[in-house]
Amino acid sequence: MDRQTRHQLKHDEFKDTLVEIEDYVRLHYKEILNYAILTVVVVGLGVGLKVYSDRQEAAANSDLGEALSTFRAYVGQPTPGQSEPTGATYSTSQEKYKKALQEFDAILDKYKMIPRPKAVAIARYQAGVCESLLGDHAAAIQTLTEASMEHDTEIAALAKFALAGELAKSGKIPEAAKLYQDLVDHPTITVPKASALLALADAYRESQPAQARQIYERVGKEFAANASVAQAVKQDIASLTP
């Protein structure tokens with residue numbers, strides 16, 4: 001078969017293929033059109049949801065920033081000779097934490113969409129801290145328990161650490177110790193292993209001073225290179241009840 005004949009055959013095959021495609025499109029025009037429209041709609045919805053999610057994230061971060069400013073606001077009158085504090089000031093810590101709690105709760109009520117902005121998880125943890133500082137330990141335990149279940153491990157660790165402290169203050173040492181031990185076994189940036197161990201030892205100070213001493217000594221050995229931790233351990237051991 002010469003070169004020209006092969007070329008003609010390829011040309012005819014290509015032409016036949018085009019005819020088949022045209023026939024298929026003609027017969028399935030509505031299905032193809034509907035699929036194309038559906039694809040455009042799905043892509044458009046995806047882009048729209050991403051834009052909406054980004055805007056909600058930014059808005060939630062802004063609201064969280066304001067609530068944290070309240071939480072950290074200056075309490076009392078400035079010391080003579082010092083510059084005036086920036087932002088709002090409060091007469092008492094109680095007044096400040098009540099206001100901050102309202103703002104953190106407002107974030108939880110405002111942003112309920114899925115996926116939730118990360119600021120919501122932080123606001124829940126901070127709400128629990130405020131409840132603790134206001135003396136509402138039952139509410140703090142409930143809120144911090146919810147916050148400890150967050151998917152973000154760093155925020156969940158903070159919540160577990162605070163929750164363990166609340167349980168310890170309530171005399172529930174075994175429950176608190178279990179949480180502290182979990183944090184020891186799964187350290188994070190927000191709650192390092194040394195912090196969890198020291199808190200665990202502190203929880204045992206009154207009821208089991210010998211156990212507390214063992215944990216302090218363990219921390220002293222494992223973190224001997226850390227001067228601040230070593231100093232804290234020495235002071236804790238010295239103040240233990242014999």
# chains A, B, ... in the order shown; residues from 1 in each chain; ligands from 1
$ residues_around --residues "segment 164-179 of chain A" --least-positions-apart "6" --cutoff "8 Å" --atoms "only C-alpha atoms" --output "JSON, numbers by chain"
{"A": [132, 137, 140, 141, 200, 203, 204]}
$ select_by_dssp --residues "segment 17-241 of chain A" --states "helix (DSSP H, G or I)" --output "number ranges by chain"
A: 17-27, 29-71, 93-110, 118-133, 137-147, 153-169, 173-185, 193-204, 209-222, 227-238
$ closest_residue --among "A:Leu197, A:Leu133, A:Ala230, A:Ala59" --to "Gln214 of chain A" --atoms "only C-alpha atoms"
A:Leu197
